[in-house]
$ cat coords_32.pdb   # PDB, C-alpha atoms
ATOM      1  CA  SER Q   1       0.000   0.000   0.000
ATOM      2  CA  VAL Q   2       1.033   3.583  -0.650
ATOM      3  CA  PRO Q   3      -0.682   5.976   1.808
ATOM      4  CA  SER Q   4      -2.648   8.516  -0.185
ATOM      5  CA  GLY Q   5      -2.587  11.398   2.289
ATOM      6  CA  GLY Q   6      -6.377  11.706   2.053
ATOM      7  CA  GLY Q   7      -9.427  10.039   0.556
ATOM      8  CA  ALA Q   8      -8.398   8.293  -2.673
ATOM      9  CA  TRP Q   9     -10.736   7.675  -5.627
ATOM     10  CA  GLY Q  10      -9.654   7.481  -9.277
ATOM     11  CA  ILE Q  11      -6.282   5.957 -10.171
ATOM     12  CA  ALA Q  12      -4.058   5.711 -13.272
ATOM     13  CA  VAL Q  13      -0.632   4.108 -13.676
ATOM     14  CA  THR Q  14       2.160   4.767 -16.211
ATOM     15  CA  ALA Q  15       5.549   3.058 -16.449
ATOM     16  CA  THR Q  16       6.967   5.295 -13.723
ATOM     17  CA  THR Q  17       4.120   6.981 -11.857
ATOM     18  CA  VAL Q  18       0.832   6.359 -10.055
ATOM     19  CA  TYR Q  19      -1.732   9.166 -10.334
ATOM     20  CA  TRP Q  20      -4.904   9.482  -8.271
ATOM     21  CA  THR Q  21      -7.716  11.864  -7.436
ATOM     22  CA  GLY Q  22      -8.893  12.525  -3.901
ATOM     23  CA  PHE Q  23      -9.669  15.091  -1.238
ATOM     24  CA  VAL Q  24      -7.310  17.025   1.013
ATOM     25  CA  GLY Q  25      -8.410  18.937   4.117
ATOM     26  CA  GLY Q  26     -11.873  17.405   4.187
ATOM     27  CA  THR Q  27     -14.106  14.743   2.676
ATOM     28  CA  MET Q  28     -16.588  14.529  -0.188
ATOM     29  CA  PHE Q  29     -18.973  17.552  -0.020
ATOM     30  CA  SER Q  30     -17.257  18.720   3.206
ATOM     31  CA  ASN Q  31     -14.694  21.540   3.170
ATOM     32  CA  GLY Q  32     -12.047  19.702   1.179
ATOM     33  CA  ASP Q  33     -10.105  20.491  -1.978
ATOM     34  CA  GLY Q  34     -10.450  18.060  -4.864
ATOM     35  CA  THR Q  35      -6.930  17.071  -5.890
ATOM     36  CA  LEU Q  36      -4.909  15.349  -8.610
ATOM     37  CA  MET Q  37      -1.824  13.708  -7.036
ATOM     38  CA  SER Q  38       1.073  11.485  -8.079
ATOM     39  CA  VAL Q  39       3.781   9.246  -6.603
ATOM     40  CA  GLY Q  40       6.430   6.955  -8.109
ATOM     41  CA  VAL Q  41       5.370   3.348  -8.729
ATOM     42  CA  ASP Q  42       7.742   2.242  -5.950
ATOM     43  CA  GLY Q  43       6.294   4.731  -3.459
ATOM     44  CA  GLY Q  44       7.675   7.971  -2.069
ATOM     45  CA  THR Q  45       6.323  11.395  -1.206
ATOM     46  CA  PRO Q  46       3.003  12.250  -2.943
ATOM     47  CA  VAL Q  47       2.989  15.370  -5.145
ATOM     48  CA  THR Q  48      -0.092  17.557  -5.714
ATOM     49  CA  LEU Q  49      -0.364  18.388  -9.435
ATOM     50  CA  ALA Q  50      -3.649  20.334  -9.296
ATOM     51  CA  SER Q  51      -6.423  21.121  -6.824
ATOM     52  CA  SER Q  52      -9.632  23.104  -6.484
ATOM     53  CA  ALA Q  53     -12.321  23.504  -3.839
ATOM     54  CA  ALA Q  54     -14.865  23.383  -6.700
ATOM     55  CA  TRP Q  55     -13.938  19.861  -7.815
ATOM     56  CA  LEU Q  56     -15.470  16.520  -6.910
ATOM     57  CA  PRO Q  57     -12.834  14.479  -8.818
ATOM     58  CA  ILE Q  58     -13.229  10.713  -8.950
ATOM     59  CA  HIS Q  59     -12.433   9.077 -12.300
ATOM     60  CA  LEU Q  60      -8.946   9.262 -13.828
ATOM     61  CA  VAL Q  61      -7.046   7.833 -16.845
ATOM     62  CA  ALA Q  62      -3.729   8.507 -18.597
ATOM     63  CA  ASP Q  63      -2.074   7.827 -21.946
ATOM     64  CA  ASP Q  64       1.566   8.305 -23.005
ATOM     65  CA  ALA Q  65       1.480  12.084 -22.701
ATOM     66  CA  THR Q  66      -1.641  13.232 -20.857
ATOM     67  CA  VAL Q  67      -3.622  12.598 -17.693
ATOM     68  CA  TYR Q  68      -7.409  13.036 -17.867
ATOM     69  CA  TRP Q  69      -9.778  13.266 -14.908
ATOM     70  CA  ALA Q  70     -13.506  13.777 -14.531
ATOM     71  CA  VAL Q  71     -14.951  16.288 -12.088
ATOM     72  CA  ASP Q  72     -18.498  16.923 -10.967
ATOM     73  CA  PHE Q  73     -19.469  20.302  -9.576
ATOM     74  CA  TRP Q  74     -21.839  20.274  -6.597
ATOM     75  CA  ILE Q  75     -23.209  23.209  -4.645
ATOM     76  CA  ASP Q  76     -23.870  20.744  -1.808
ATOM     77  CA  ALA Q  77     -24.664  17.027  -1.492
ATOM     78  CA  SER Q  78     -28.074  17.473  -3.167
ATOM     79  CA  ALA Q  79     -27.408  20.197  -5.762
ATOM     80  CA  PHE Q  80     -25.538  19.109  -8.904
ATOM     81  CA  ALA Q  81     -24.089  21.967 -10.983
ATOM     82  CA  GLY Q  82     -22.462  20.268 -13.990
ATOM     83  CA  SER Q  83     -19.448  18.156 -14.906
ATOM     84  CA  ALA Q  84     -16.318  18.273 -17.059
ATOM     85  CA  VAL Q  85     -13.385  16.196 -18.274
ATOM     86  CA  LEU Q  86     -10.090  17.946 -17.468
ATOM     87  CA  GLN Q  87      -6.676  17.120 -18.917
ATOM     88  CA  MET Q  88      -3.047  18.157 -18.452
ATOM     89  CA  PRO Q  89       0.440  16.870 -19.418
ATOM     90  CA  LEU Q  90       1.705  13.965 -17.291
ATOM     91  CA  GLU Q  91       4.427  16.104 -15.725
ATOM     92  CA  GLY Q  92       1.966  18.914 -14.889
ATOM     93  CA  GLY Q  93       1.110  22.113 -16.730
ATOM     94  CA  PRO Q  94      -1.928  23.921 -18.186
ATOM     95  CA  ILE Q  95      -5.353  22.343 -17.601
ATOM     96  CA  THR Q  96      -7.816  21.964 -20.500
ATOM     97  CA  ASN Q  97     -11.523  21.917 -19.607
ATOM     98  CA  ARG Q  98     -14.074  19.902 -21.622
ATOM     99  CA  PRO Q  99     -17.702  20.352 -20.358
ATOM    100  CA  ALA Q 100     -19.597  17.049 -20.172
ATOM    101  CA  GLY Q 101     -23.109  17.642 -18.758
ATOM    102  CA  LEU Q 102     -24.520  14.821 -16.616
ATOM    103  CA  PRO Q 103     -22.632  13.385 -13.607
ATOM    104  CA  ILE Q 104     -19.691  11.264 -14.839
ATOM    105  CA  SER Q 105     -19.477   7.694 -13.536
ATOM    106  CA  GLY Q 106     -16.486   6.352 -15.508
ATOM    107  CA  LEU Q 107     -13.668   7.492 -17.821
ATOM    108  CA  ALA Q 108     -11.409   5.748 -20.372
ATOM    109  CA  VAL Q 109      -8.876   6.683 -23.037
ATOM    110  CA  SER Q 110      -7.480   4.805 -26.038
ATOM    111  CA  SER Q 111      -6.080   5.678 -29.455
ATOM    112  CA  ALA Q 112      -9.714   5.855 -30.619
ATOM    113  CA  GLY Q 113     -10.660   8.695 -28.258
ATOM    114  CA  LEU Q 114     -11.994   9.600 -24.824
ATOM    115  CA  PHE Q 115     -14.936   7.652 -23.395
ATOM    116  CA  TRP Q 116     -17.081   8.275 -20.349
ATOM    117  CA  THR Q 117     -20.175   6.891 -18.681
ATOM    118  CA  SER Q 118     -22.851   9.081 -17.120
ATOM    119  CA  TRP Q 119     -26.032   8.773 -15.148
ATOM    120  CA  GLU Q 120     -28.983  11.091 -14.606
ATOM    121  CA  PHE Q 121     -29.058  12.608 -11.125
ATOM    122  CA  GLY Q 122     -32.163  11.269  -9.422
ATOM    123  CA  CYS Q 123     -32.178   7.979 -11.338
ATOM    124  CA  ASN Q 124     -31.062   6.145  -8.161
ATOM    125  CA  GLY Q 125     -30.504   2.898 -10.023
ATOM    126  CA  ASN Q 126     -34.082   2.692 -11.322
ATOM    127  CA  CYS Q 127     -32.951   2.195 -14.934
ATOM    128  CA  VAL Q 128     -34.731   5.354 -16.053
ATOM    129  CA  GLY Q 129     -33.053   8.476 -17.391
ATOM    130  CA  ASP Q 130     -30.563   9.879 -19.871
ATOM    131  CA  GLY Q 131     -27.371   8.141 -18.725
ATOM    132  CA  GLY Q 132     -25.178   6.218 -21.134
ATOM    133  CA  VAL Q 133     -21.748   5.925 -22.736
ATOM    134  CA  MET Q 134     -20.137   8.812 -24.640
ATOM    135  CA  GLN Q 135     -17.179   9.000 -27.056
ATOM    136  CA  ALA Q 136     -15.193  12.151 -27.953
ATOM    137  CA  PRO Q 137     -12.031  12.903 -29.991
ATOM    138  CA  LEU Q 138      -8.785  13.205 -28.021
ATOM    139  CA  LEU Q 139      -8.014  16.637 -29.469
ATOM    140  CA  GLY Q 140     -11.363  18.170 -28.597
ATOM    141  CA  GLY Q 141     -14.807  18.277 -30.092
ATOM    142  CA  GLY Q 142     -18.302  17.293 -29.067
ATOM    143  CA  PRO Q 143     -19.115  13.796 -27.810
ATOM    144  CA  GLU Q 144     -21.337  11.229 -29.498
ATOM    145  CA  THR Q 145     -23.512   8.618 -27.783
ATOM    146  CA  LEU Q 146     -22.475   4.946 -27.979
ATOM    147  CA  ALA Q 147     -25.127   3.555 -25.600
ATOM    148  CA  GLN Q 148     -28.021   5.342 -23.958
ATOM    149  CA  SER Q 149     -30.861   4.932 -21.447
ATOM    150  CA  ARG Q 150     -28.594   2.906 -19.158
ATOM    151  CA  TYR Q 151     -27.463   3.370 -15.560
ATOM    152  CA  ALA Q 152     -23.850   3.147 -16.741
ATOM    153  CA  ARG Q 153     -20.812   3.041 -14.477
ATOM    154  CA  SER Q 154     -17.122   2.588 -15.341
ATOM    155  CA  VAL Q 155     -15.747   2.165 -18.856
ATOM    156  CA  VAL Q 156     -12.576   0.785 -20.496
ATOM    157  CA  ALA Q 157     -11.634   0.819 -24.172
ATOM    158  CA  ASP Q 158      -9.021  -0.131 -26.749
ATOM    159  CA  SER Q 159      -8.784   0.879 -30.414
ATOM    160  CA  THR Q 160     -11.875  -1.131 -31.446
ATOM    161  CA  GLN Q 161     -13.939  -2.132 -28.386
ATOM    162  CA  VAL Q 162     -15.583  -0.414 -25.403
ATOM    163  CA  TYR Q 163     -16.703  -2.191 -22.201
ATOM    164  CA  PHE Q 164     -18.887  -0.716 -19.457
ATOM    165  CA  ILE Q 165     -20.927  -1.741 -16.415
ATOM    166  CA  ASP Q 166     -24.728  -1.481 -16.473
ATOM    167  CA  MET Q 167     -25.464  -1.187 -12.752
ATOM    168  CA  CYS Q 168     -29.200  -1.847 -13.109
ATOM    169  CA  SER Q 169     -28.659  -5.218 -14.773
ATOM    170  CA  SER Q 170     -25.384  -6.001 -12.932
ATOM    171  CA  VAL Q 171     -23.621  -6.859 -16.187
ATOM    172  CA  VAL Q 172     -20.528  -5.856 -18.151
ATOM    173  CA  VAL Q 173     -21.479  -4.830 -21.683
ATOM    174  CA  ASN Q 174     -19.344  -4.640 -24.856
ATOM    175  CA  VAL Q 175     -20.021  -2.179 -27.704
ATOM    176  CA  PRO Q 176     -17.761  -1.374 -30.697
ATOM    177  CA  VAL Q 177     -15.953   1.980 -30.873
ATOM    178  CA  GLY Q 178     -18.205   4.288 -32.880
ATOM    179  CA  GLY Q 179     -21.343   2.400 -31.818
ATOM    180  CA  GLY Q 180     -23.081  -0.827 -32.822
ATOM    181  CA  THR Q 181     -24.531  -3.971 -31.282
ATOM    182  CA  GLU Q 182     -24.287  -4.230 -27.492
ATOM    183  CA  THR Q 183     -23.223  -7.641 -26.092
ATOM    184  CA  THR Q 184     -23.287  -8.822 -22.469
ATOM    185  CA  LEU Q 185     -19.889 -10.304 -21.588
ATOM    186  CA  VAL Q 186     -20.102 -10.710 -17.794
ATOM    187  CA  SER Q 187     -23.071 -11.204 -15.483
ATOM    188  CA  GLY Q 188     -22.261 -10.822 -11.786
ATOM    189  CA  PRO Q 189     -24.782 -12.892  -9.797
ATOM    190  CA  ASN Q 190     -24.057 -10.973  -6.606
ATOM    191  CA  GLY Q 191     -23.622  -7.536  -8.174
ATOM    192  CA  VAL Q 192     -20.915  -6.085 -10.411
ATOM    193  CA  ILE Q 193     -19.554  -3.076  -8.538
ATOM    194  CA  GLY Q 194     -16.607  -0.691  -8.508
ATOM    195  CA  ASP Q 195     -14.533  -0.043 -11.622
ATOM    196  CA  LEU Q 196     -13.323  -2.011 -14.633
ATOM    197  CA  ALA Q 197      -9.718  -2.518 -15.757
ATOM    198  CA  MET Q 198      -8.489  -4.143 -18.961
ATOM    199  CA  ASP Q 199      -5.298  -5.512 -20.508
ATOM    200  CA  SER Q 200      -4.719  -7.183 -23.893
ATOM    201  CA  THR Q 201      -6.470 -10.419 -22.893
ATOM    202  CA  SER Q 202      -8.681  -9.819 -19.860
ATOM    203  CA  LEU Q 203     -11.163  -7.644 -18.022
ATOM    204  CA  TYR Q 204     -10.783  -7.093 -14.265
ATOM    205  CA  TRP Q 205     -13.766  -6.176 -12.132
ATOM    206  CA  ALA Q 206     -15.192  -6.378  -8.618
ATOM    207  CA  GLU Q 207     -18.161  -8.405  -7.412
ATOM    208  CA  LEU Q 208     -20.024  -7.922  -4.158
ATOM    209  CA  ALA Q 209     -19.774 -11.221  -2.270
ATOM    210  CA  PRO Q 210     -22.936 -12.696  -0.666
ATOM    211  CA  ALA Q 211     -23.799 -12.342   3.009
ATOM    212  CA  ASP Q 212     -21.717  -9.165   3.472
ATOM    213  CA  ALA Q 213     -18.512 -11.160   2.948
ATOM    214  CA  GLY Q 214     -16.768  -8.239   1.258
ATOM    215  CA  THR Q 215     -15.739  -7.734  -2.335
ATOM    216  CA  SER Q 216     -14.143 -10.212  -4.736
ATOM    217  CA  LEU Q 217     -11.677  -9.165  -7.452
ATOM    218  CA  MET Q 218     -12.385 -11.074 -10.669
ATOM    219  CA  ARG Q 219     -10.670 -11.657 -14.046
ATOM    220  CA  THR Q 220     -12.614 -12.468 -17.238
ATOM    221  CA  GLN Q 221     -11.036 -13.529 -20.526
ATOM    222  CA  ARG Q 222     -12.244 -11.122 -23.202
ATOM    223  CA  ALA Q 223     -12.266 -13.787 -25.938
ATOM    224  CA  THR Q 224     -14.089 -16.576 -24.064
ATOM    225  CA  GLY Q 225     -15.823 -15.024 -21.039
ATOM    226  CA  ALA Q 226     -14.074 -17.494 -18.686
ATOM    227  CA  THR Q 227     -13.885 -15.942 -15.194
ATOM    228  CA  THR Q 228     -11.409 -16.476 -12.309
ATOM    229  CA  THR Q 229     -11.484 -15.115  -8.734
ATOM    230  CA  LEU Q 230      -8.200 -13.336  -7.845
ATOM    231  CA  ALA Q 231      -8.891 -12.122  -4.295
ATOM    232  CA  THR Q 232     -11.769 -12.001  -1.823
ATOM    233  CA  GLY Q 233     -12.744 -10.232   1.358
ATOM    234  CA  ARG Q 234     -12.073  -6.597   0.408
ATOM    235  CA  TYR Q 235     -14.482  -4.284   2.231
ATOM    236  CA  HIS Q 236     -17.409  -3.107   0.086
ATOM    237  CA  PRO Q 237     -17.548  -0.558  -1.494
ATOM    238  CA  THR Q 238     -13.848   0.251  -1.341
ATOM    239  CA  ILE Q 239     -12.722  -0.668  -4.853
ATOM    240  CA  ILE Q 240     -13.437   2.595  -6.650
ATOM    241  CA  GLY Q 241     -10.410   3.014  -8.916
ATOM    242  CA  LEU Q 242      -8.975  -0.128 -10.571
ATOM    243  CA  VAL Q 243      -6.119  -0.251 -13.110
ATOM    244  CA  VAL Q 244      -3.719  -2.914 -14.411
ATOM    245  CA  ASP Q 245      -0.178  -2.955 -15.801
ATOM    246  CA  ASP Q 246       1.944  -5.869 -17.077
ATOM    247  CA  GLY Q 247       1.963  -7.700 -13.761
ATOM    248  CA  ASN Q 248      -0.257  -6.040 -11.164
ATOM    249  CA  LEU Q 249      -3.659  -4.617 -10.343
ATOM    250  CA  TYR Q 250      -3.827  -1.331  -8.431
ATOM    251  CA  TRP Q 251      -6.874   0.164  -6.756
ATOM    252  CA  THR Q 252      -7.907   2.896  -4.355
ATOM    253  CA  ASP Q 253      -9.151   1.583  -1.014
ATOM    254  CA  ASN Q 254     -11.199   3.633   1.450
ATOM    255  CA  GLU Q 255     -11.882   1.086   4.213
ATOM    256  CA  PRO Q 256     -13.420   2.472   7.404
ATOM    257  CA  ALA Q 257     -10.599   0.638   9.213
ATOM    258  CA  ASN Q 258      -8.234   3.205   7.711
ATOM    259  CA  ASN Q 259      -9.954   5.958   9.764
ATOM    260  CA  GLY Q 260     -11.066   7.747   6.627
ATOM    261  CA  GLN Q 261      -7.592   7.683   5.046
ATOM    262  CA  GLY Q 262      -7.402   6.218   1.567
ATOM    263  CA  ALA Q 263      -4.688   3.877   0.356
ATOM    264  CA  ILE Q 264      -3.303   2.670  -2.972
ATOM    265  CA  VAL Q 265      -3.217  -1.162  -2.997
ATOM    266  CA  ARG Q 266      -1.357  -3.517  -5.351
ATOM    267  CA  LEU Q 267      -2.147  -7.169  -6.208
ATOM    268  CA  SER Q 268      -0.440  -9.538  -8.667
ATOM    269  CA  ILE Q 269      -2.695 -10.442 -11.629
ATOM    270  CA  ALA Q 270      -1.812 -14.063 -10.780
ATOM    271  CA  GLY Q 271      -3.764 -13.576  -7.508
ATOM    272  CA  GLY Q 272      -2.612 -13.890  -3.905
ATOM    273  CA  LEU Q 273      -2.540 -11.344  -1.093
ATOM    274  CA  PRO Q 274      -2.630  -7.574  -1.812
TER     275      PRO Q 274
END
$ encode --input "coords_32.pdb" --output "structure tokens"
Amino acid sequence: SVPSGGGAWGIAVTATTVYWTGFVGGTMFSNGDGTLMSVGVDGGTPVTLASSAAWLPIHLVADDATVYWAVDFWIDASAFAGSAVLQMPLEGGPITNRPAGLPISGLAVSSAGLFWTSWEFGCNGNCVGDGGVMQAPLLGGGPETLAQSRYARSVVADSTQVYFIDMCSSVVVNVPVGGGTETTLVSGPNGVIGDLAMDSTSLYWAELAPADAGTSLMRTQRATGATTTLATGRYHPTIIGLVVDDGNLYWTDNEPANNGQGAIVRLSIAGGLP
């Protein structure tokens, strides 16, 4: 674990650096600054790259040159005031603002563009509303809708395929980049929760275990749908950010046992103890 120095939410990993979003000096909706932070993959002293009292920053992704994070703007816990996708160079620098509209529930980047999931405030999981999956060019421009009328959460993508969670149906859905037929790849009998991660062969996701037994980390082969359990017993709903590199999964963990302090946790993709 790498102590986050505050509540930790979205996470992204490059060859040298772990980035995450969180809150410093307070908690969600309560007197804190939304922050974008970084630390070396082997640990060290966290660095604040950007912060604002106006941000509720959760979802975060990075490519070879840029880090992107989604922020919602709330007047208070019941008054939503808009959302945006922000971006800046990996090493820090000017921030570019891309307005997005509805609350953002997931964010992904690939060579094909930026992707995000959204939900309509007030839907409350009732499968009614204007939420869905959006795609936008990396260099700017308006988004287009890939899937709509879904209570969508979390999204990952490569150059040809997009995967997202439909929270109402507790499934992971696949849709081609640019739109097309939607296919259910994973059905979580106990509830697909948290975020998705993806490498060249597999999807990684979290499932709520029965009887309040915590959260299980799962791996599903993209080609066959075969699913393996990697770890169990993580406190629900702690697995908010989830990313993968060549050998490990990383996620943000906000267990009550941590006294409100978030942590960055690492687990081998072969399984074992985090």
$ residues_around --input "coords_32.pdb" --residues "Leu60 of chain Q" --least-positions-apart "4" --cutoff "9 Å" --atoms "only C-alpha atoms" --output "number ranges by chain"
Q: 9-12, 19-21, 36, 67-70, 106-108, 241
$ atom_distance --input "coords_32.pdb" --atom1 "atom CA of Asp199 of chain Q" --atom2 "atom CA of Asn248 of chain Q"
10.6 Å
$ closest_residue --input "coords_32.pdb" --among "Q:Thr14, Q:Gln135, Q:Thr227, Q:Asn174" --to "Asp64 of chain Q" --atoms "all atoms listed in the file"
Q:Thr14
$ resolve_selection --input "coords_32.pdb" --expression "the PyMOL selection byres ((chain Q and resi 112) around 8)" --output "ChimeraX atom specification"
/Q:109-111,113-114,137-138,158-160,177
$ atom_distance --input "coords_32.pdb" --atom1 "atom CA of Leu203 of chain Q" --atom2 "atom CA of Ala223 of chain Q"
10.1 Å
$ atom_distance --input "coords_32.pdb" --atom1 "atom CA of Val186 of chain Q" --atom2 "atom CA of Ala136 of chain Q"
25.5 Å
$ residues_around --input "coords_32.pdb" --residues "segment 266-272 of chain Q" --least-positions-apart "2" --cutoff "6 Å" --atoms "only C-alpha atoms" --output "PyMOL selection string"
chain Q and resi 230+247-250+274
$ closest_residue --input "coords_32.pdb" --among "Q:Met167, Q:Leu273, Q:Ala84, Q:Leu185" --to "Tyr151 of chain Q" --atoms "all atoms listed in the file"
Q:Met167
$ residues_around --input "coords_32.pdb" --residues "Asn97 of chain Q" --least-positions-apart "6" --cutoff "9 Å" --atoms "all atoms listed in the file" --output "tab-separated table (two decimals) with C-alpha atoms, in the frame of the given file"
chain	number	residue	atom	x	y	z
Q	84	ALA	CA	-16.32	18.27	-17.06
Q	85	VAL	CA	-13.38	16.20	-18.27
Q	86	LEU	CA	-10.09	17.95	-17.47
Q	87	GLN	CA	-6.68	17.12	-18.92
$ closest_residue --input "coords_32.pdb" --among "Q:Asp195, Q:Glu91, Q:Asp72, Q:Asp63" --to "Thr48 of chain Q" --atoms "all atoms listed in the file"
Q:Glu91
$ closest_residue --input "coords_32.pdb" --among "Q:Thr181, Q:Thr117, Q:Thr16, Q:Ser169" --to "Ala157 of chain Q" --atoms "all atoms listed in the file"
Q:Thr117
$ resolve_selection --input "coords_32.pdb" --expression "the PyMOL selection byres ((chain Q and resi 37) around 10)" --output "MDAnalysis selection string"
chainID Q and resid 4:5 8 11 18:23 34:36 38:39 46:51
$ write_last_selection --input "coords_32.pdb" --atoms "C-alpha atoms" --output "compact mmCIF listing (two decimals), keeping the file's coordinate frame"
# COMPACT_ATOMS: atom_id res chain seq x y z
CA SER Q 4 -2.65 8.52 -0.18
CA GLY Q 5 -2.59 11.40 2.29
CA ALA Q 8 -8.40 8.29 -2.67
CA ILE Q 11 -6.28 5.96 -10.17
CA VAL Q 18 0.83 6.36 -10.06
CA TYR Q 19 -1.73 9.17 -10.33
CA TRP Q 20 -4.90 9.48 -8.27
CA THR Q 21 -7.72 11.86 -7.44
CA GLY Q 22 -8.89 12.52 -3.90
CA PHE Q 23 -9.67 15.09 -1.24
CA GLY Q 34 -10.45 18.06 -4.86
CA THR Q 35 -6.93 17.07 -5.89
CA LEU Q 36 -4.91 15.35 -8.61
CA SER Q 38 1.07 11.48 -8.08
CA VAL Q 39 3.78 9.25 -6.60
CA PRO Q 46 3.00 12.25 -2.94
CA VAL Q 47 2.99 15.37 -5.14
CA THR Q 48 -0.09 17.56 -5.71
CA LEU Q 49 -0.36 18.39 -9.44
CA ALA Q 50 -3.65 20.33 -9.30
CA SER Q 51 -6.42 21.12 -6.82
$ resolve_selection --input "coords_32.pdb" --expression "the PyMOL selection byres ((chain Q and resi 202) around 6)" --output "list in words"
Met198, Asp199, Thr201, Leu203, Thr220, Gln221 and Arg222 of chain Q
$ closest_residue --input "coords_32.pdb" --among "Q:Met134, Q:Ser105, Q:Thr224, Q:Gly142" --to "Ile165 of chain Q" --atoms "all atoms listed in the file"
Q:Ser105
